[in-house]
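What follows is one structure encoded as structure tokens, with my remarks underneath.
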Amino acid sequence: MATKLLLLFAFCRLISIVGLTLNPTDLFRFGLNGQLTTGADNIKFASVDFGKLTSSEPLAVLHPSSASDIAKLLRLAHESASGFAVSARGHGHSINGQSQTSNGVVIQMTGSRNLNNRPVVSDNLMYVDVWGGELWIDVLKSTLKYGLAPKSWTDYLYLSVGGTLSNAGISGQAFNHGPQISNVHEMDVVTGRGDVLTCSMDQNPDLFHAVLGGLGQFGIITRARIALEPSPKMVRWIRVLYSNFSAFTHDQEYLISLHDQPQSQKFDYIEGFVIVDEGLINNWRSSFFSPNNPVKITSLGAGGNVLYCLEITKNYHEGADPEVIDQEVEALLEKLNYIPASMFTTDLPYVDFLDRVHTAELKLRSKGLWEVPHPWLNLFVPKSRIADFDKGVFKGILGNKTSGPILIYPMNKNKWDDRSSVVTPNEDVFYLVALLRSALDNGEETLTLKHLSDENRKIINFCKESNIEVKQYLPHYTTQKEWMDHYGDKWSQISRRKLEFDPRHILATGQRIFEPSFGSDPRSSW
């Protein structure tokens, strides 16, 4: 009874704020089994994200127990006279408030109260069904019990399934398996109309492709069926250094061109990062190098202040012959042109490799360096212009204090399905350049939020002025004109899908793509 009273109170407050034409005594007929709360702690938690660049308090927070709770809330928002926004929040790892809303309800997808939402593995058919709010680390733990694992990952596993699938989900396996959105068989989605639909390439295919990479605009993913493969037991983790950017990109592009070769003739993971100061090579992202024997740029004979690190892995299964693994790795490495004597290698369990960033997170948290602003900038850069980007950004705009890792690695466009809502450069190969920086208030002007944000703007402006047709990954724009430019030829498709699946523009208003049709923040009339 107490739960029903709390639910009624929260609904009554919501109704009083947004002016819904609904009798409060009728609210029990919605039959929500989850918790709708206006508690201060829940509101505060849902009002911030990992970026810590913006804050927006919702009217209420829903902790759903099932897809039915989400459908009932969205149907209420869609059918009410005044309407209100609904945003799904996973682990809150957005950067610019994309999962926030100031005029509606945030659905907290992680920490579901329904025990029936645990991952269900089909070891015969090689897939796992997971709740949209499930964290990838928990998906991994569930599938490993069957000796299986998803094919494609993100570098950080404490992200929700629905969150990464709403963007793309990329890491060093993407050159081979494509992004995570290329490894989904089927989904259950709640649309902006409150309809619960199962979709796949064969069933409701337009919704399926719309939602994948759709930035939450067309529906909320409540279940996803993820492709699996036999899980490796161990990983040979290798890093080699380059001082010549052309050699670095040539080798990266050569390695990803082997994606269709037999497993023994290619690496399983290909990434890289840029080192523009001596400190970064030994920082948390590079903790692979021994702190007792720190690497010095000058000791490597580099001809400048910038180094490039190629990061690659070779997976192997239990019982694999170590000599065979050595031979396969050596055959691939001998074709590369890295700095002699710069190779660092270690073998570790597959799970430890996948969860490496969380290990670094714990170290940063212990030093108070995790809960800080993160003015990240992620760009897809066409292969034909990556050398120009290097000259203008890595060797130009960036100084020698970058305040975080700068990832750079290529991907094959043919591993991406163009029917999804994601936009990528129109070339067969494009690069991710990810400036994953943290703003620090330690007295160094180059590490401040203002300085890093200004550098981001300079980088964007440089690309525009140089006609480098980049596309933002995890995009952030503030006007519809900017979004139209971002989507280009896909804009008409995006608009059509929005009209079909969320005609009142209820979903994910924090993305700022479509103006809600139900007016401004209702609290302005308090």
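Labeling convention for the structure tokens: chains A, B, ... as they appear, residues from 1 per chain, ligands from 1 in order of appearance.
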
Each residue of range 378-403 of chain A lying at most 8 Å from range 440-449 of chain A should get a row with its shortest atom-to-atom pair and the distance in Å to one decimal, counting only C-alpha atoms; could you produce that, ordered by chain and increasing number, as CSV?
```
residue,atom,partner,partner_atom,distance
A:Lys401,CA,A:Thr446,CA,6.6
A:Thr402,CA,A:Leu447,CA,7.3
A:Ser403,CA,A:Leu447,CA,6.0
```

Same residues, N, CA and C atoms, output as an mmCIF file, in the first residue's frame:
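The new file out.cif reads:
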```cif
data_model
loop_
_atom_site.group_PDB
_atom_site.id
_atom_site.type_symbol
_atom_site.label_atom_id
_atom_site.label_comp_id
_atom_site.auth_asym_id
_atom_site.auth_seq_id
_atom_site.Cartn_x
_atom_site.Cartn_y
_atom_site.Cartn_z
ATOM 1 N N LYS A 401 50.226 19.565 -23.094
ATOM 2 C CA LYS A 401 49.505 19.072 -21.929
ATOM 3 C C LYS A 401 48.080 18.750 -22.371
ATOM 4 N N THR A 402 47.817 17.491 -22.625
ATOM 5 C CA THR A 402 46.535 17.136 -23.234
ATOM 6 C C THR A 402 45.468 16.720 -22.231
ATOM 7 N N SER A 403 45.843 16.420 -21.001
ATOM 8 C CA SER A 403 44.880 16.102 -19.937
ATOM 9 C C SER A 403 44.001 14.907 -20.263
#
```

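Residue-level DSSP output for range 352-450 of chain A, from the backbone, shows strand (DSSP E) at Leu377, Asn378, Leu379, Phe380, Val381, Pro382, Ile406, Leu407, Ile408, Tyr409, Pro410, Met411, Asn412, Val429, Phe430, Tyr431, Leu432, Val433, Ala434 and Leu435 of chain A.
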
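Take the candidates A:Tyr338, A:Trp153, A:Trp376, A:Phe267 and check each one against Leu452 in chain A using only C-alpha atoms; the shortest distance goes to A:Trp376.
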
Requested in this report: May I have the residues within 7 Å of Ala60 in chain A as JSON, numbers by chain, using only C-alpha atoms and disregarding those fewer than 4 positions away in the same chain?
Outcome: {"A": [36, 37, 38, 43, 104, 105, 106]}

Restricted to C-alpha atoms, what would the selected residues look like written as a PDB file, in the first residue's frame?
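Result written to again10.pdb:
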```pdb
ATOM      1  CA  LEU A  36       8.054   6.579  -9.862  1.00  0.00           C
ATOM      2  CA  THR A  37       9.768   8.974  -7.507  1.00  0.00           C
ATOM      3  CA  THR A  38      10.312  12.667  -6.994  1.00  0.00           C
ATOM      4  CA  ILE A  43      16.292  13.798  -8.989  1.00  0.00           C
ATOM      5  CA  GLY A 104       9.549  15.370 -17.943  1.00  0.00           C
ATOM      6  CA  VAL A 105      10.588  12.004 -16.584  1.00  0.00           C
ATOM      7  CA  VAL A 106      13.937  10.223 -16.675  1.00  0.00           C
TER       8      VAL A 106
END
```

Requested in this report: Check range 167-277 of chain A with DSSP on the backbone and list each residue it calls helix (DSSP H, G or I), as a VMD selection string.
Outcome: chain A and resid 174 to 177 180 to 183 205 to 211 245 to 256 263 to 265

Requested in this report: Find the residues near Val161 in chain A: any atom within 8 Å, counting only C-alpha atoms, skip ones fewer than 5 places away on the same chain, and give them as a PyMOL selection string.
Outcome: chain A and resi 130-136+224

For N, CA and C atoms, I'd like the residues from the last selection saved as a PDB file, in the first residue's frame.
```pdb
ATOM      1  N   VAL A 130      19.150  -9.584 -23.533  1.00  0.00           N
ATOM      2  CA  VAL A 130      19.480  -8.767 -22.366  1.00  0.00           C
ATOM      3  C   VAL A 130      18.534  -7.579 -22.256  1.00  0.00           C
ATOM      4  N   TRP A 131      18.291  -7.172 -21.038  1.00  0.00           N
ATOM      5  CA  TRP A 131      17.520  -5.967 -20.734  1.00  0.00           C
ATOM      6  C   TRP A 131      18.298  -4.745 -21.224  1.00  0.00           C
ATOM      7  N   GLY A 132      17.582  -3.739 -21.721  1.00  0.00           N
ATOM      8  CA  GLY A 132      18.252  -2.561 -22.254  1.00  0.00           C
ATOM      9  C   GLY A 132      19.106  -1.822 -21.252  1.00  0.00           C
ATOM     10  N   GLY A 133      18.802  -1.950 -19.964  1.00  0.00           N
ATOM     11  CA  GLY A 133      19.591  -1.277 -18.940  1.00  0.00           C
ATOM     12  C   GLY A 133      20.729  -2.105 -18.390  1.00  0.00           C
ATOM     13  N   GLU A 134      20.913  -3.309 -18.915  1.00  0.00           N
ATOM     14  CA  GLU A 134      21.997  -4.175 -18.430  1.00  0.00           C
ATOM     15  C   GLU A 134      23.349  -3.570 -18.782  1.00  0.00           C
ATOM     16  N   LEU A 135      24.295  -3.651 -17.859  1.00  0.00           N
ATOM     17  CA  LEU A 135      25.646  -3.192 -18.148  1.00  0.00           C
ATOM     18  C   LEU A 135      26.395  -4.287 -18.904  1.00  0.00           C
ATOM     19  N   TRP A 136      27.281  -3.866 -19.807  1.00  0.00           N
ATOM     20  CA  TRP A 136      28.019  -4.838 -20.613  1.00  0.00           C
ATOM     21  C   TRP A 136      28.891  -5.747 -19.753  1.00  0.00           C
ATOM     22  N   ALA A 224      17.549  -6.568 -26.092  1.00  0.00           N
ATOM     23  CA  ALA A 224      18.382  -6.710 -27.287  1.00  0.00           C
ATOM     24  C   ALA A 224      18.931  -8.130 -27.342  1.00  0.00           C
TER      25      ALA A 224
END
```

Query raised in the report: Within 12 Å of Ser466 in chain A, counting only C-alpha atoms, which residues qualify if same-chain residues fewer than 2 places away don't, as a ChimeraX atom specification?
Result: /A:385-386,388-389,391-393,458-464,468-470
